Amino acid sequence: MLPELGEDQLRELFQTMLVMRRFEEALITLAGEFDVGHFHVYIGQEATGAPALGLLEDGDFGFTTHRNHGHLLARGVDPARMMAEILGRETGTNQGKGGTLHLSSLEHGFPVTSAATGGCIPLATGAAFGFSKLGNRRVSVCLMGDGSLEEGAWHESVNIAALEKLPIIYLCENNSLEALGQRANEYPSSSMAASPLTGLAAVFGMPAVAIDGFDAGEVHDTMNIAIARARAGDGPTFIEARTVRWPGSRPLWPQLLTGELDLTIAWDETALPDEHVEWHRSQDGILRFTRELIEAGNLTPEQALEIDAGVKAQMKEAVQFALDSPYPPPEAALDHVYA
Amino acid sequence: MPKRLYAEALVGALRRALETDDRVHLMGQYFLGLTEHRELMVELREDYVERVYYPPIAEVGYVGAAIGAAMAGLRPIVDIATASFIFQAFPQVVNEAANVHYMSGGQTSVPMVFHFNQGIRGGGAAQHSHSPQAMLWNTPGLEIMAPSTPADVKGLVATAVQSNNPTAWVDHVRLFDTIGEVPDPDYAIPFGVADIKRSGTDVTIVASSFMVVRSLAAAETLAKQGIDVEVVDLRTLTPLDEDAVFTSVAKTGRLVVVDECHRRCGVAAEIAALVAENALGDLTAPIKRVTALDVPIPFSPPLEEFVEPTEAKIVEAVSEIAG
Amino acid sequence: MPELRYIDAIRRALQEEMENDESIVILGEDVTLGGPFGATTGLADKFGVTRVRNTPISEGAVMGMAVGASLVGLRPIVEIMFVDFITLAMDQLVNHAAKLHYMSGGQLRVPLTVRVQGGISGGYGAHHSQSLEAWFLHVPGLKVVAPATASDAAGLLKSAIRDDNPVLFLEHRALYWTGGEVGEVIEPIIFGRAAIRRAGTDATVVAVSRMVPAALEAAERLEESGTSIEVIDPRTLAPLDLDTILESVRRTGRLVVAHEAVTVGGIGGEIAAQVQEVAFADLTGPVLRVGAPFAPVASSPVLEKLFAPGVDAIVDAVQRSLAFSRDGAPA
């Protein structure tokens, strides 16, 4: 379903999702020609991140993971500076100190990104603790994968959040289905005996819901309730957004196994490729959102393609900006150890 | 000048921090461990009910939360209690707090303090006697302070709470009973400035935290034997006042490093290496280290004494090289 | 002798030990798939998923579980994906694995091998590039091994697995695909015996892990200017073969220690402290250290280069040491 938003906002959301997708497609293509090192992509989860993070206000914090690109883009971080950071350039968001694993932008509410599984959980909980003590009605969003529930840090942090009624939303993006190495007996996780995952939060006495992460409307509505609850001082919420691992993320190195997103699939059955049919037909959240927008009359195929062309051009510029940017002077490696 | 117990000076420093900066919050309630002095914390907790947080037994959770809270605008002073428990919180301390400013390219800071009581407290055995400061010293991004007197704890805490960096506060329960003069007005002791706790000409002792107290006692004994010892109290490990060490060694030509960490890759190894690297020409004798031995800390009192850096061992090491 | 890559030598040692001892089990994330770099590829097919066991992302619990299993008769090998993640298992490793033999008055044994890889390469940044050996050297009860060649990786791993103590086995990611001669029969290498990789007379360089090939290259370069360097690879850092180092320093009078870890608090400091104490009169130059600067590792390839000390840094340190005269001013 569509989020309850005005037509302009819906199109903005559509554009944001495309920015998230096209950015990483460009990155994967770039990695074929240029050694960018190892990286993880968010492709396939745009329908979760874009509506969820679009609800945040200035000053709210998000703490994300190694799969952070989409999250930063959803809050408006400049794709050119992100691409530059991934290539280790001076113009990057972190001036070359962080790279793909640690993309950060404090002005957009991403103070730092931990690449250690579960590292973000105590930090996000603590930011909520800080906001609560400062009484500033800000909220903290812990953007975690289902794998981080396997770490002890989860249990310690969620207990504290519940006891203190902290203004936090644990948005657990479960992308385990069909992932490499998955071995749990049933959906929804790679290596958790607990099922459903919401049980791991519900025992602490907080609202805990599982939603369809490909359904932008459901994500939007659920986050809206959780954020309102956090701002009102009523405490934390756990949301498990279920998605399927994008086929291109199943190998250790991301590959464009489903090709670049072809928006025409959304309105033209004949464009459906022979491979990964299920992905294109029902799993890709962007295609689903596009179909919904067109069906509701919020967008025409022509408009969709026009927006997409603009986004693609923007990504081309971002890649060029990154490639044209200088590396930092080597001695800059010793800056910023201390504040 | 008024004389105060170290424990009183510590609580006084926490109180001043809370009084002068609304952003300061205490996370953890012990600070003075389970010593008799813990009663000193009661009034403070009552006066600042909203700003003293009692966490569950969840080191990685609440220490990590303190780091996140620092990013959100607080200046938390978190108590890890017995230093051995820092290993439960290690990923948050060394992988997160220490790296945040750097990884974010200087965008985000973590202004907070980690307090813990390290060292051999008597009967703590292997799991309650750790001195983790050498491992933290090997971790760029942390500041480390290790006061040894009531006056220093007051001045160093004042600096730590205003620092924009994560600071490890290396403390020691055996200091709580010590007494010293503490000036009444507020003051801050800058990091990276060592203090000559005793001036001497024959042998330099470099120490920090409770080992300064032991070294000063040893110096008195040695003075009676005609050996004039200079005791350099580092006060902070990061930043380190290398010049103070080099200056003293240039004067005495002899160095004993006293430290409660284990010997291998401990604080004393680093100090000895620094001097051997930069001031070999000034040395007239090999540098000696008096440290905890490289075994887990045993429980039984005579075993514990055999392992720890005692006053007698300091006297012996100084005598060996005093020439 | 046949050539094997470092990582393949590790796999061969694992396989041979598992064939000989049914109490050996491997625990780690994705180990049935070979782990992130393929060290365990094929072992699950050969020995079954009972002995090669995938775990959740729960480093602390897995480490503790391995300690417990080792107490009741297994010989676990834990693989931690990156050494940086061992921080999540520190309590079990430092407060438990390292101490149980001692705390129990010798009643318990913890025959545990912890395999980790680390070091600087590939732009992995601050959370995936560290060299943390000094932490573990500082923990009595742990043995610490850092092989620099394929042959040592195999022989030392066999000894680690057979050891009745917890052993931290530190592999260097950048060495995985380097080749070396490995014997038809892999003999266990006794801990605490350094290898003199190159004999020399003017200065001693003690090099750890990836610094060994760098030191050998530095020695080649210095030879061109007539300087003869002895290169020592300690192979095991705990126990450390101080005797071999001392014997060398007594001949050369000059010592440089090179490692990839941060200099402050690193093993270079420990070796320097020991050597100056025992061989004070024999030193004709200061003990110099080559290590990473005091900063987290940056991700940008240009910045990353500043962290991993290389041939230039070793050559420079040797030259500074040689320029020193003890009765004159330092160079």
# chains A, B, ... in the order shown; residues from 1 in each chain; ligands from 1

$ residues_around --residues "region 153-166 of chain C" --least-positions-apart "4" --cutoff "7 Å" --atoms "only C-alpha atoms" --output "list of chain:residue names"
C:Tyr6, C:Ala9, C:Ile10, C:Ala13, C:Glu17, C:Ala97, C:Ala98, C:Arg109, C:Val110, C:Pro111, C:Leu112, C:Thr113, C:Leu142, C:Lys143, C:Pro147, C:Thr149, C:Ile186, C:Glu187, C:Pro188, C:Ile189, C:Ile190

$ write_last_selection --atoms "C-alpha atoms" --output "PDB file, in the first residue's frame"
ATOM      1  CA  TYR C   6      50.112 -19.447   3.160  1.00  0.00           C
ATOM      2  CA  ALA C   9      49.283 -24.378   4.204  1.00  0.00           C
ATOM      3  CA  ILE C  10      46.914 -23.434   7.014  1.00  0.00           C
ATOM      4  CA  ALA C  13      47.615 -28.303   8.718  1.00  0.00           C
ATOM      5  CA  GLU C  17      45.443 -32.503  12.521  1.00  0.00           C
ATOM      6  CA  ALA C  97      40.518 -18.981  28.816  1.00  0.00           C
ATOM      7  CA  ALA C  98      43.820 -17.501  29.910  1.00  0.00           C
ATOM      8  CA  ARG C 109      43.421 -27.334  30.909  1.00  0.00           C
ATOM      9  CA  VAL C 110      42.222 -25.177  28.042  1.00  0.00           C
ATOM     10  CA  PRO C 111      43.578 -26.703  24.806  1.00  0.00           C
ATOM     11  CA  LEU C 112      42.093 -24.015  22.599  1.00  0.00           C
ATOM     12  CA  THR C 113      43.363 -22.494  19.363  1.00  0.00           C
ATOM     13  CA  LEU C 142      47.928 -17.020  26.491  1.00  0.00           C
ATOM     14  CA  LYS C 143      50.451 -18.087  23.880  1.00  0.00           C
ATOM     15  CA  PRO C 147      53.795 -16.895  11.318  1.00  0.00           C
ATOM     16  CA  THR C 149      55.785 -17.920   5.925  1.00  0.00           C
ATOM     17  CA  ILE C 186      54.529 -30.923   7.943  1.00  0.00           C
ATOM     18  CA  GLU C 187      56.377 -31.208  11.213  1.00  0.00           C
ATOM     19  CA  PRO C 188      55.108 -29.234  14.194  1.00  0.00           C
ATOM     20  CA  ILE C 189      57.400 -26.289  14.980  1.00  0.00           C
ATOM     21  CA  ILE C 190      58.341 -25.959  18.603  1.00  0.00           C
TER      22      ILE C 190
END

$ interface_residues --of "chain A" --to "chain C" --cutoff "7 Å" --atoms "only C-alpha atoms" --output "number ranges by chain"
A: 37, 87-89, 96-99, 115-116, 147, 150-151, 181, 191, 327, 330, 333-334, 337

$ closest_residue --among "B:Pro2, B:Gly141, B:Pro55, B:Gly61" --to "Gly180 (chain B)" --atoms "only C-alpha atoms"
B:Pro2

$ interface_residues --of "chain B" --to "chain A" --cutoff "7 Å" --atoms "only C-alpha atoms" --output "PyMOL selection string"
chain B and resi 58+60-61+64-69+71-74+92+96+100-109+140-141+164-165

$ closest_atom_pairs --of "chain C" --to "chain B" --cutoff "8 Å" --atoms "only C-alpha atoms" --output "Markdown table"
| residue | atom | partner | partner_atom | distance |
| --- | --- | --- | --- | --- |
| C:Asp84 | CA | B:Asn95 | CA | 7.7 |
| C:Phe85 | CA | B:Pro91 | CA | 7.6 |
| C:Thr87 | CA | B:Pro91 | CA | 4.8 |
| C:Leu88 | CA | B:Pro91 | CA | 5.4 |
| C:Ala89 | CA | B:Gln88 | CA | 8.0 |
| C:Met90 | CA | B:Phe87 | CA | 5.3 |
| C:Asp91 | CA | B:Phe87 | CA | 4.7 |
| C:Val94 | CA | B:Phe87 | CA | 7.6 |
| C:Asn95 | CA | B:Gln127 | CA | 5.9 |
| C:Lys99 | CA | B:Pro296 | CA | 6.4 |
| C:Tyr102 | CA | B:Pro296 | CA | 7.0 |
| C:Met103 | CA | B:Ala126 | CA | 6.9 |
| C:Ala126 | CA | B:Met103 | CA | 6.9 |
| C:His127 | CA | B:Asn95 | CA | 6.6 |
| C:Ala134 | CA | B:Cys265 | CA | 6.1 |
| C:Trp135 | CA | B:Met135 | CA | 5.3 |
| C:Leu137 | CA | B:Arg264 | CA | 6.4 |
| C:His138 | CA | B:Arg264 | CA | 5.4 |
| C:Val139 | CA | B:Asp294 | CA | 7.7 |
| C:Pro140 | CA | B:Val295 | CA | 5.0 |
| C:Gly141 | CA | B:Val295 | CA | 6.9 |
| C:Val262 | CA | B:Asn138 | CA | 6.6 |
| C:Thr263 | CA | B:Asn138 | CA | 7.8 |
| C:Val264 | CA | B:Asn138 | CA | 5.6 |
| C:Gly265 | CA | B:Asn138 | CA | 4.8 |
| C:Gly266 | CA | B:Cys265 | CA | 6.3 |
| C:Ile267 | CA | B:Cys265 | CA | 6.0 |
| C:Gly268 | CA | B:Ala273 | CA | 7.9 |
| C:Gly269 | CA | B:Ala273 | CA | 4.9 |
| C:Glu270 | CA | B:Ala269 | CA | 5.0 |
| C:Ala272 | CA | B:Ala273 | CA | 5.2 |
| C:Ala273 | CA | B:Ala273 | CA | 5.2 |
| C:Gln276 | CA | B:Pro286 | CA | 6.1 |
| C:Glu277 | CA | B:Pro286 | CA | 4.9 |
| C:Val278 | CA | B:Pro286 | CA | 7.6 |
| C:Phe280 | CA | B:Pro286 | CA | 5.6 |
| C:Gly285 | CA | B:Leu280 | CA | 7.7 |
| C:Pro286 | CA | B:Glu277 | CA | 4.9 |
| C:Val287 | CA | B:Glu277 | CA | 5.2 |
| C:Leu288 | CA | B:Glu277 | CA | 5.5 |
| C:Arg289 | CA | B:Glu277 | CA | 7.8 |
| C:Phe294 | CA | B:Pro140 | CA | 5.4 |
| C:Ala295 | CA | B:Pro140 | CA | 5.0 |
| C:Pro296 | CA | B:Pro140 | CA | 6.0 |
| C:Ala298 | CA | B:Met103 | CA | 7.3 |
| C:Arg326 | CA | B:Gly281 | CA | 5.5 |
| C:Asp327 | CA | B:Gly281 | CA | 6.6 |
| C:Gly328 | CA | B:Gly281 | CA | 7.6 |
| C:Ala329 | CA | B:Gly281 | CA | 7.3 |
| C:Pro330 | CA | B:Gly281 | CA | 7.3 |

$ select_by_dssp --residues "region 70-318 of chain C" --states "strand (DSSP E)" --output "CSV table (one decimal) with C-alpha atoms, in the first residue's frame"
chain,number,residue,atom,x,y,z
C,75,ARG,CA,40.3,-29.5,21.2
C,76,PRO,CA,38.4,-26.6,19.7
C,77,ILE,CA,39.7,-24.3,17.0
C,78,VAL,CA,37.8,-21.0,17.0
C,79,GLU,CA,37.9,-18.8,13.9
C,80,ILE,CA,37.2,-15.1,14.6
C,113,THR,CA,43.4,-22.5,19.4
C,114,VAL,CA,42.0,-19.1,18.3
C,115,ARG,CA,42.7,-18.4,14.6
C,116,VAL,CA,42.3,-14.8,13.6
C,117,GLN,CA,43.5,-12.7,10.7
C,118,GLY,CA,44.4,-9.1,10.7
C,143,LYS,CA,50.5,-18.1,23.9
C,144,VAL,CA,50.7,-15.9,20.8
C,145,VAL,CA,51.9,-17.0,17.4
C,167,VAL,CA,47.0,-20.2,21.7
C,168,LEU,CA,46.2,-17.1,19.7
C,169,PHE,CA,47.2,-17.8,16.1
C,170,LEU,CA,47.6,-14.5,14.3
C,171,GLU,CA,47.5,-14.7,10.5
C,172,HIS,CA,48.2,-11.8,8.3
C,179,GLY,CA,53.6,-18.8,-1.6
C,180,GLY,CA,56.4,-20.7,0.1
C,181,GLU,CA,58.1,-24.0,0.2
C,195,ALA,CA,64.3,-18.2,12.9
C,196,ILE,CA,67.3,-16.3,11.6
C,197,ARG,CA,66.0,-15.4,8.1
C,198,ARG,CA,69.2,-13.8,7.0
C,203,ALA,CA,72.7,-4.5,12.8
C,204,THR,CA,69.9,-6.9,13.9
C,205,VAL,CA,66.3,-6.4,12.7
C,206,VAL,CA,63.6,-8.3,14.6
C,207,ALA,CA,60.6,-8.4,12.3
C,229,ILE,CA,71.8,-6.9,8.3
C,230,GLU,CA,70.7,-9.9,10.4
C,231,VAL,CA,66.9,-10.5,10.2
C,232,ILE,CA,65.3,-12.5,13.0
C,233,ASP,CA,61.7,-13.7,12.8
C,236,THR,CA,56.1,-17.0,18.4
C,237,LEU,CA,55.8,-13.8,20.5
C,238,ALA,CA,54.8,-15.7,23.6
C,255,LEU,CA,68.7,-3.5,17.1
C,256,VAL,CA,65.6,-2.4,15.2
C,257,VAL,CA,62.3,-4.0,15.9
C,258,ALA,CA,59.6,-3.8,13.2
C,259,HIS,CA,55.9,-4.6,13.5
C,260,GLU,CA,52.7,-3.5,12.0
C,261,ALA,CA,50.9,-2.7,15.2
C,262,VAL,CA,50.8,0.8,16.7
C,288,LEU,CA,64.8,1.7,17.5
C,289,ARG,CA,61.2,0.7,16.8
C,290,VAL,CA,59.3,0.7,13.5
C,291,GLY,CA,55.5,0.5,13.9
C,292,ALA,CA,52.3,2.1,12.9

$ residues_around --residues "His280 (chain A)" --least-positions-apart "4" --cutoff "10 Å" --atoms "only C-alpha atoms" --output "list in words"
Thr258, Leu261, Asp262, Leu263, Ile265, Ala266, Leu272, Pro273, Asp274, Glu275, His276, Asp284, Gly285, Ile286, Leu287 and Arg288 of chain A

$ select_by_dssp --residues "region 30-252 of chain A" --states "alpha helix (DSSP H)" --output "count of residues only"
75

$ closest_residue --among "B:Lys251, B:Lys3, B:Arg214, B:Arg198" --to "Val231 (chain B)" --atoms "only C-alpha atoms"
B:Arg198

$ residues_around --residues "Asn174 (chain A)" --least-positions-apart "2" --cutoff "9 Å" --atoms "only C-alpha atoms" --output "list of chain:residue names"
A:Met144, A:Gly145, A:Asp146, A:Gly147, A:Cys172, A:Ser176, A:Leu177, A:Pro188, A:Ser189, A:Gly213, A:Glu240, A:Ala241, A:Arg242, A:Thr243, A:Val244, A:Arg245

$ write_last_selection --atoms "C-alpha atoms" --output "JSON list (two decimals), in the first residue's frame"
[["chain", "number", "residue", "atom", "x", "y", "z"],
["A", 144, "MET", "CA", 20.32, -3.02, 12.61],
["A", 145, "GLY", "CA", 20.42, -6.26, 10.70],
["A", 146, "ASP", "CA", 18.89, -9.42, 12.07],
["A", 147, "GLY", "CA", 22.41, -10.81, 12.54],
["A", 172, "CYS", "CA", 15.68, -4.45, 12.41],
["A", 176, "SER", "CA", 18.24, -13.07, 5.72],
["A", 177, "LEU", "CA", 15.90, -15.01, 3.50],
["A", 188, "PRO", "CA", 13.15, -15.32, 9.56],
["A", 189, "SER", "CA", 16.81, -15.37, 10.34],
["A", 213, "GLY", "CA", 9.78, -4.41, 4.34],
["A", 240, "GLU", "CA", 11.24, -6.20, 12.14],
["A", 241, "ALA", "CA", 11.06, -5.23, 8.48],
["A", 242, "ARG", "CA", 11.19, -8.43, 6.46],
["A", 243, "THR", "CA", 12.81, -8.38, 3.07],
["A", 244, "VAL", "CA", 14.46, -10.96, 0.87],
["A", 245, "ARG", "CA", 18.18, -10.77, 0.21]]

$ residues_around --residues "region 42-46 of chain C" --least-positions-apart "6" --cutoff "7 Å" --atoms "only C-alpha atoms" --output "list in words"
Gln15, Thr32, Gly34 and Val52 of chain C

$ write_last_selection --atoms "C-alpha atoms" --output "CSV table (one decimal), in the first residue's frame"
chain,number,residue,atom,x,y,z
C,15,GLN,CA,43.1,-31.1,7.8
C,32,THR,CA,31.5,-24.7,6.4
C,34,GLY,CA,35.5,-21.8,4.0
C,52,VAL,CA,33.2,-28.0,11.3

$ atom_distance --atom1 "CA of Val49 (chain C)" --atom2 "CA of Val182 (chain C)"
28.3 Å

$ residues_around --residues "Leu53 (chain A)" --least-positions-apart "6" --cutoff "8 Å" --atoms "only C-alpha atoms" --output "list in words"
His71, Ala74 and Arg75 of chain A

$ write_last_selection --atoms "N, CA and C atoms" --output "PDB file, in the first residue's frame"
ATOM      1  N   HIS A  71      20.896   4.183   3.825  1.00  0.00           N
ATOM      2  CA  HIS A  71      20.379   4.970   4.946  1.00  0.00           C
ATOM      3  C   HIS A  71      20.807   6.428   4.842  1.00  0.00           C
ATOM      4  N   ALA A  74      18.971   8.189   2.119  1.00  0.00           N
ATOM      5  CA  ALA A  74      17.567   8.434   2.457  1.00  0.00           C
ATOM      6  C   ALA A  74      17.395   9.723   3.241  1.00  0.00           C
ATOM      7  N   ARG A  75      18.443  10.147   3.911  1.00  0.00           N
ATOM      8  CA  ARG A  75      18.331  11.403   4.667  1.00  0.00           C
ATOM      9  C   ARG A  75      19.031  12.555   3.950  1.00  0.00           C
TER      10      ARG A  75
END

$ residues_around --residues "Ala313 (chain C)" --least-positions-apart "3" --cutoff "10 Å" --atoms "only C-alpha atoms" --output "JSON, numbers by chain"
{"C": [214, 215, 218, 258, 289, 290, 291, 308, 309, 310, 316, 317, 318, 319]}

$ write_last_selection --atoms "C-alpha atoms" --output "JSON list (two decimals), in the first residue's frame"
[["chain", "number", "residue", "atom", "x", "y", "z"],
["C", 214, "ALA", "CA", 59.84, -6.21, 4.31],
["C", 215, "ALA", "CA", 62.93, -6.61, 6.48],
["C", 218, "ALA", "CA", 65.43, -3.81, 3.38],
["C", 258, "ALA", "CA", 59.63, -3.82, 13.20],
["C", 289, "ARG", "CA", 61.19, 0.72, 16.76],
["C", 290, "VAL", "CA", 59.30, 0.68, 13.50],
["C", 291, "GLY", "CA", 55.53, 0.47, 13.89],
["C", 308, "ALA", "CA", 51.75, -0.17, 7.35],
["C", 309, "PRO", "CA", 55.44, 0.43, 7.84],
["C", 310, "GLY", "CA", 57.49, -0.96, 5.00],
["C", 316, "ASP", "CA", 65.70, 4.42, 7.66],
["C", 317, "ALA", "CA", 65.71, 3.00, 11.18],
["C", 318, "VAL", "CA", 68.77, 0.86, 10.51],
["C", 319, "GLN", "CA", 70.63, 3.85, 9.11]]
